[in-house]
Amino acid sequence: MNTKIEWCDMTWNPVIGCTPVSGGCRNCFAARDALRLGANPNTPYYAGLATKTADGRPVFTGEVRCLEDRLEQPLRWRKPRRIFVNSMSDLFHPDMPDEFIDQVFAVMALAPQHTFQVLTKRPERLAGYMVKGVANRIDRAVMRIQGWDPSAIDRARAIPLPNVWFGVSAENQKTADERIPLLLQTPAAKRFVSCEPLLEPIELERGRAYLVHSDAEIDWVIVGGESGPRARPTDVDWVRDIVAQCRATEIPVFVKQLGAVPIGRECLFGIWPPHVRYAADHERILLKDRKGSDPSEWPEDLRVYEFPEAA
């Protein structure tokens, strides 16, 4: 379906539902959407997937549902698109059957015109899935969907699939240090890191050299502050530092948004557009866009929207 997520063209949700796994999940936009959609009689398949906590925050209940009728949607989209896989779930949730993941990969193999962006907070499951024998599982799934098609079977056996990018979310240094090394161990056409919601500064080269100086490298970085009710602050200097790290290593970087609560003391330096206002303490930046996603309100050096070249 169409989406407002700036770094993709479409979202594809053959799986819905999830379980919180780290601090970045606290104000999950997908849980908010699932709670709203679950109350809508036109989207009954979301009912019961999310609930409210004692403090009123929506949270996923831990149930995941596989929607067979959505599996083949990308096969009907002829125009090439960048497709975010499972914006309302995590393909590598521990309750996801391998057999259904095989079918998702089969569809991606059958739609080489598209680029599929698979983002997970569970890279250990991703790394375990991409082991010896995965090509045979995927080509069997291809035959179940399309029947015997030698060219499709050949594409399915090309592991890693050239049109599938794998990414991990990292909201702080701890999750970056835990997840990025596992991503680097996973065969992939492209690898990316989504530093969103950015809750503290992240050194992407801490420990192992994540961005360069390794056999496997990160090909793309997305960065953004938290949006929605009760959003936590994002210091604009944290965003700027990630952009600088990517610039130094020639890695494409995409600044998605500054979040609902951008902070900083940069009003003293006159680098923000003149219509931007500041709170009395000169720390909170009062943007009109409630997600902080309007680039016209940003300093020019943060207006960076780069993509890696397709494999």
# chains A, B, ... in the order shown; residues from 1 in each chain; ligands from 1

$ residues_around --residues "Cys8 in chain A" --least-positions-apart "2" --cutoff "8 Å" --atoms "only C-alpha atoms" --output "JSON, numbers by chain"
{"A": [3, 5, 6, 10, 11, 81, 82, 83, 84]}

$ residues_around --residues "Arg277 in chain A" --least-positions-apart "5" --cutoff "8 Å" --atoms "only C-alpha atoms" --output "mmCIF file with N, CA and C atoms, in the first residue's frame"
data_model
loop_
_atom_site.group_PDB
_atom_site.id
_atom_site.type_symbol
_atom_site.label_atom_id
_atom_site.label_comp_id
_atom_site.auth_asym_id
_atom_site.auth_seq_id
_atom_site.Cartn_x
_atom_site.Cartn_y
_atom_site.Cartn_z
ATOM 1 N N ILE A 285 13.496 22.920 20.069
ATOM 2 C CA ILE A 285 13.262 23.591 18.795
ATOM 3 C C ILE A 285 11.805 23.362 18.417
ATOM 4 N N LEU A 286 11.048 24.436 18.247
ATOM 5 C CA LEU A 286 9.601 24.353 18.066
ATOM 6 C C LEU A 286 9.261 24.350 16.577
ATOM 7 N N LEU A 287 9.257 23.160 15.982
ATOM 8 C CA LEU A 287 8.946 23.033 14.563
ATOM 9 C C LEU A 287 7.437 22.946 14.368
#

$ residues_around --residues "Ala39 in chain A" --least-positions-apart "5" --cutoff "12 Å" --atoms "only C-alpha atoms" --output "VMD selection string"
chain A and resid 32 to 34 44 to 51

$ select_by_dssp --residues "range 67-285 of chain A" --states "strand (DSSP E)" --output "ChimeraX atom specification"
/A:82-85,115-120,164-169,190-195,220-224,234-235,253-257,262-263,277-278,285

$ residues_around --residues "Pro58 in chain A" --least-positions-apart "3" --cutoff "12 Å" --atoms "only C-alpha atoms" --output "number ranges by chain"
A: 19-20, 25-36, 38, 48-55, 61, 228-230

$ write_last_selection --atoms "C-alpha atoms" --output "PDB file, in the first residue's frame"
ATOM      1  CA  THR A  19       6.332  -8.044  20.512  1.00  0.00           C
ATOM      2  CA  PRO A  20       8.324  -5.188  22.109  1.00  0.00           C
ATOM      3  CA  CYS A  25       9.618  -0.070  20.871  1.00  0.00           C
ATOM      4  CA  ARG A  26       8.230   2.034  23.713  1.00  0.00           C
ATOM      5  CA  ASN A  27       6.230   4.412  21.492  1.00  0.00           C
ATOM      6  CA  CYS A  28       5.856   2.119  18.468  1.00  0.00           C
ATOM      7  CA  PHE A  29       3.929   3.785  15.624  1.00  0.00           C
ATOM      8  CA  ALA A  30       2.848   0.355  14.331  1.00  0.00           C
ATOM      9  CA  ALA A  31       1.259  -0.533  17.691  1.00  0.00           C
ATOM     10  CA  ARG A  32      -0.671   2.766  17.608  1.00  0.00           C
ATOM     11  CA  ASP A  33      -1.865   2.013  14.081  1.00  0.00           C
ATOM     12  CA  ALA A  34      -2.757  -1.587  14.943  1.00  0.00           C
ATOM     13  CA  LEU A  35      -4.860  -0.449  17.916  1.00  0.00           C
ATOM     14  CA  ARG A  36      -6.701   2.062  15.728  1.00  0.00           C
ATOM     15  CA  GLY A  38      -8.358  -3.105  15.253  1.00  0.00           C
ATOM     16  CA  GLY A  48      -6.630  -7.907  19.327  1.00  0.00           C
ATOM     17  CA  LEU A  49      -3.093  -7.327  18.046  1.00  0.00           C
ATOM     18  CA  ALA A  50      -2.500  -4.274  20.219  1.00  0.00           C
ATOM     19  CA  THR A  51      -3.794  -3.027  23.536  1.00  0.00           C
ATOM     20  CA  LYS A  52      -3.209  -0.146  25.913  1.00  0.00           C
ATOM     21  CA  THR A  53      -0.891  -0.345  28.902  1.00  0.00           C
ATOM     22  CA  ALA A  54      -1.746   1.053  32.325  1.00  0.00           C
ATOM     23  CA  ASP A  55      -0.224   4.404  31.331  1.00  0.00           C
ATOM     24  CA  THR A  61       0.243  -8.141  22.574  1.00  0.00           C
ATOM     25  CA  GLY A 228       3.966  10.586  18.053  1.00  0.00           C
ATOM     26  CA  PRO A 229       2.503  11.094  21.536  1.00  0.00           C
ATOM     27  CA  ARG A 230       5.064  11.063  24.371  1.00  0.00           C
TER      28      ARG A 230
END

$ residues_around --residues "range 290-295 of chain A" --least-positions-apart "2" --cutoff "6 Å" --atoms "only C-alpha atoms" --output "PyMOL selection string"
chain A and resi 227+257-260+297-298

$ residues_around --residues "His114 in chain A" --least-positions-apart "4" --cutoff "10 Å" --atoms "only C-alpha atoms" --output "ChimeraX atom specification"
/A:74-75,77-83,108-110,163-164,310

$ write_last_selection --atoms "C-alpha atoms" --output "CSV table (one decimal), in the first residue's frame"
chain,number,residue,atom,x,y,z
A,74,PRO,CA,4.0,-7.2,-5.2
A,75,LEU,CA,3.6,-9.5,-8.2
A,77,TRP,CA,2.8,-4.0,-9.0
A,78,ARG,CA,4.5,-3.7,-12.4
A,79,LYS,CA,6.2,-0.4,-11.9
A,80,PRO,CA,9.5,-0.8,-10.0
A,81,ARG,CA,9.2,0.3,-6.4
A,82,ARG,CA,11.2,0.4,-3.2
A,83,ILE,CA,9.1,-1.7,-0.9
A,108,MET,CA,10.6,-11.2,-3.6
A,109,ALA,CA,12.5,-13.6,-6.0
A,110,LEU,CA,9.5,-13.5,-8.4
A,163,ASN,CA,16.9,-7.1,-5.0
A,164,VAL,CA,16.6,-7.6,-1.2
A,310,ALA,CA,20.6,-0.8,-6.6

$ closest_atom_pairs --of "range 124-177 of chain A" --to "range 222-225 of chain A" --cutoff "10 Å" --atoms "only C-alpha atoms" --output "Markdown table"
| residue | atom | partner | partner_atom | distance |
| --- | --- | --- | --- | --- |
| A:Gly167 | CA | A:Ile222 | CA | 9.8 |
| A:Ser169 | CA | A:Ile222 | CA | 9.3 |
| A:Ala170 | CA | A:Val223 | CA | 9.6 |
| A:Glu171 | CA | A:Val223 | CA | 9.4 |

$ select_by_dssp --residues "range 171-291 of chain A" --states "helix (DSSP H, G or I)" --output "ChimeraX atom specification"
/A:173-184,236-249,266-269

$ atom_distance --atom1 "CA of Met96 in chain A" --atom2 "CA of Leu71 in chain A"
14.3 Å

$ residues_around --residues "Thr234 in chain A" --least-positions-apart "3" --cutoff "8 Å" --atoms "only C-alpha atoms" --output "JSON, numbers by chain"
{"A": [198, 199, 200, 225, 226, 238, 258, 259, 261, 262, 263]}

$ write_last_selection --atoms "N, CA and C atoms" --output "CSV table (one decimal), in the first residue's frame"
chain,number,residue,atom,x,y,z
A,198,LEU,N,16.1,7.8,17.2
A,198,LEU,CA,17.4,8.0,17.7
A,198,LEU,C,17.3,8.6,19.2
A,199,LEU,N,17.7,7.8,20.1
A,199,LEU,CA,17.5,8.2,21.5
A,199,LEU,C,18.8,8.6,22.3
A,200,GLU,N,19.9,8.4,21.6
A,200,GLU,CA,21.2,8.9,22.2
A,200,GLU,C,22.2,8.9,21.0
A,225,GLY,N,14.4,11.2,14.4
A,225,GLY,CA,13.9,11.3,15.8
A,225,GLY,C,12.6,10.6,16.0
A,226,GLU,N,12.2,10.5,17.2
A,226,GLU,CA,10.9,9.9,17.5
A,226,GLU,C,9.7,10.8,17.3
A,238,TRP,N,23.1,14.8,17.5
A,238,TRP,CA,23.3,13.4,17.3
A,238,TRP,C,23.0,13.0,15.9
A,258,LEU,N,13.4,14.9,12.2
A,258,LEU,CA,14.0,15.3,13.5
A,258,LEU,C,13.2,14.9,14.7
A,259,GLY,N,12.0,14.4,14.5
A,259,GLY,CA,11.2,14.0,15.6
A,259,GLY,C,10.3,15.1,16.1
A,261,VAL,N,10.2,16.1,19.2
A,261,VAL,CA,10.9,16.8,20.3
A,261,VAL,C,12.4,17.0,20.0
A,262,PRO,N,12.7,17.8,18.9
A,262,PRO,CA,14.1,18.1,18.6
A,262,PRO,C,14.6,19.1,19.6
A,263,ILE,N,15.9,18.8,20.1
A,263,ILE,CA,16.5,19.7,21.0
A,263,ILE,C,17.9,20.1,20.5

$ closest_residue --among "A:Ala280, A:Trp272, A:Gln173, A:Tyr305" --to "Gly23 in chain A" --atoms "only C-alpha atoms"
A:Gln173

$ atom_distance --atom1 "CA of His282 in chain A" --atom2 "CA of Arg232 in chain A"
17.3 Å

$ atom_distance --atom1 "CA of Ser194 in chain A" --atom2 "CA of Arg76 in chain A"
28.2 Å
